[in-house]
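In what follows, a single structure is set out as structure tokens and then discussed.
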Amino acid sequence: MRNFKKIALIGAAAALALGACSSTDTKDSKAADGDGVVTLTVGASPVPHADILRFIDEKLAKDAGIHLEIKEYTDYVQPNVALDAGELDANFFQHVPYFDAEVKEKGYKFEHGNGVHIEPYALFSKKYKRVDDIPDGARILVNNDPSNQARALRLLEQKGLIKLKDSKNPTLLDIISSPINAKVVESEAPAIPVQLPDADAAVINGNFALEAGLVPAKDALAIESGENNPYANVLAWNKDSKKAEAIAKLEKLLHSPEVAKFIKEKYPNGEIIPAF
């Protein structure tokens, strides 16, 4: 499922199927316009996913015979709902652990490509300048979806703020102790930047931090390491998509040298890191 070769094979099969259809097969002919360009509707988080897709559409897509219609989402639920409903051809907003959890829980018939970029999680505070300054009894916010909550909790443990049970996907219930008696509270990921001034500290997703004007490399008390990070964001699509060949082209462009350069230049402080 995670091998790019698989979608390439699917794309080849789709191409053969299209070749076998008559010119009156309107279902398949609608995939391309008069110039043979296939339009892909892709759901994405505004930052950095939509930024990356816009760069591809403006600079690279035309030569590949595709055009991207980008639909932005500010939550982590609707992009997969819309993909499952056929409202999107693909989405680009999630990392593999979240993808796996969603597919297992909701039975989605999705596939995904290889990692495109990593958004390092970071610990922020409007009240304190260093991790060591966070006081006894501090209220610390983390996100409430399981795969991302585990990631946030591990960052807090790495910085010595909590101690966790040995668990693959720890939750708040797996906090054994806290040297500072921290009160770790969960909240909706998009809301955490807004709630940050009222908390002592908060772990914020990279994209929501950027949208709130927070630069992890400059503003954070601590940043998650990008080395060997399993949370690379990926392109996802429905199995047996009628636009598999075009999706394969987008997947290839997402891993092009041009995109890697764009990410590094757009986010020079390591806020976003290419994963290829």
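Ordering of the structure tokens sets the chain letters (A, B, ...); residue numbers start at 1 within each chain; ligands are numbered from 1 in the order shown.
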
Can I get the residues of region 47-159 of chain A within 8 Å of region 224-233 of chain A, each with the closest pair of atoms and their distance in Å to one decimal, using only C-alpha atoms, sorted chain first then ascending number, as CSV?
residue,atom,partner,partner_atom,distance
A:Phe92,CA,A:Asn233,CA,7.4
A:Phe93,CA,A:Asn233,CA,6.5
A:Gln94,CA,A:Asn233,CA,5.2
A:His95,CA,A:Asn233,CA,4.0
A:Val96,CA,A:Tyr231,CA,6.2
A:Pro97,CA,A:Tyr231,CA,6.8
A:Gly115,CA,A:Ala232,CA,4.8
A:Val116,CA,A:Asn233,CA,5.7
A:His117,CA,A:Ala232,CA,5.3
A:Ile118,CA,A:Ala232,CA,4.7
A:Glu119,CA,A:Ala232,CA,7.6
A:Pro120,CA,A:Glu224,CA,5.2
A:Tyr121,CA,A:Glu224,CA,5.2
A:Ala122,CA,A:Glu224,CA,6.0
A:Leu155,CA,A:Glu224,CA,6.3

Give one line per residue of region 213-245 of chain A that approaches region 50-69 of chain A to at most 12 Å, naming the two atoms of the closest pair and their distance in Å to one decimal, counting only C-alpha atoms; sort by chain then ascending residue number and deliver it as JSON lines.
{"residue": "A:Asn233", "atom": "CA", "partner": "A:Ile52", "partner_atom": "CA", "distance": 11.9}
{"residue": "A:Leu235", "atom": "CA", "partner": "A:Leu53", "partner_atom": "CA", "distance": 10.7}
{"residue": "A:Lys243", "atom": "CA", "partner": "A:Ile66", "partner_atom": "CA", "distance": 10.4}
{"residue": "A:Ala244", "atom": "CA", "partner": "A:Ile66", "partner_atom": "CA", "distance": 11.8}
{"residue": "A:Glu245", "atom": "CA", "partner": "A:Ile66", "partner_atom": "CA", "distance": 10.0}

Write the residues of the preceding selection, restricted to N, CA and C atoms, as a PDB file, in the first residue's frame.
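Resulting contents of out.pdb:
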ATOM      1  N   ASN A 233       4.065  13.445   6.294  1.00  0.00           N
ATOM      2  CA  ASN A 233       2.750  13.630   5.679  1.00  0.00           C
ATOM      3  C   ASN A 233       2.729  13.021   4.281  1.00  0.00           C
ATOM      4  N   LEU A 235       0.287  11.841   0.573  1.00  0.00           N
ATOM      5  CA  LEU A 235      -0.872  11.952  -0.309  1.00  0.00           C
ATOM      6  C   LEU A 235      -1.701  10.678  -0.162  1.00  0.00           C
ATOM      7  N   LYS A 243      -8.813   7.990 -11.606  1.00  0.00           N
ATOM      8  CA  LYS A 243      -7.756   8.939 -11.973  1.00  0.00           C
ATOM      9  C   LYS A 243      -6.402   8.492 -11.435  1.00  0.00           C
ATOM     10  N   ALA A 244      -6.217   7.186 -11.335  1.00  0.00           N
ATOM     11  CA  ALA A 244      -4.999   6.643 -10.734  1.00  0.00           C
ATOM     12  C   ALA A 244      -3.739   7.100 -11.457  1.00  0.00           C
ATOM     13  N   GLU A 245      -3.801   7.183 -12.779  1.00  0.00           N
ATOM     14  CA  GLU A 245      -2.614   7.569 -13.535  1.00  0.00           C
ATOM     15  C   GLU A 245      -2.237   9.022 -13.220  1.00  0.00           C
TER      16      GLU A 245
END

Practice prompt. Determine, counting only C-alpha atoms, which protein, DNA and RNA residues have an atom within 10 Å of an atom of Gln149 (chain A); residues of the same chain fewer than 5 positions away are not included. Present the result as a list in words.
Written response: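 Listed by chain and then number, they are Val142, Asn143, Asn144, Arg154, Leu155, Asn169, Pro170, Thr171, Leu172, Glu186, Ser187, Ala189 and Val203 of chain A.
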
Worksheet entry | d(CA of Lys249 (chain A), CA of Asn114 (chain A)) in Å |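 Between CA of Lys249 (chain A) and CA of Asn114 (chain A) the gap works out to 13.1 Å.
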
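Distances to Asn205 (chain A) were evaluated for A:Lys218, A:Val185, A:Ile175, A:Pro48 using only C-alpha atoms, and the minimum falls at A:Pro48.
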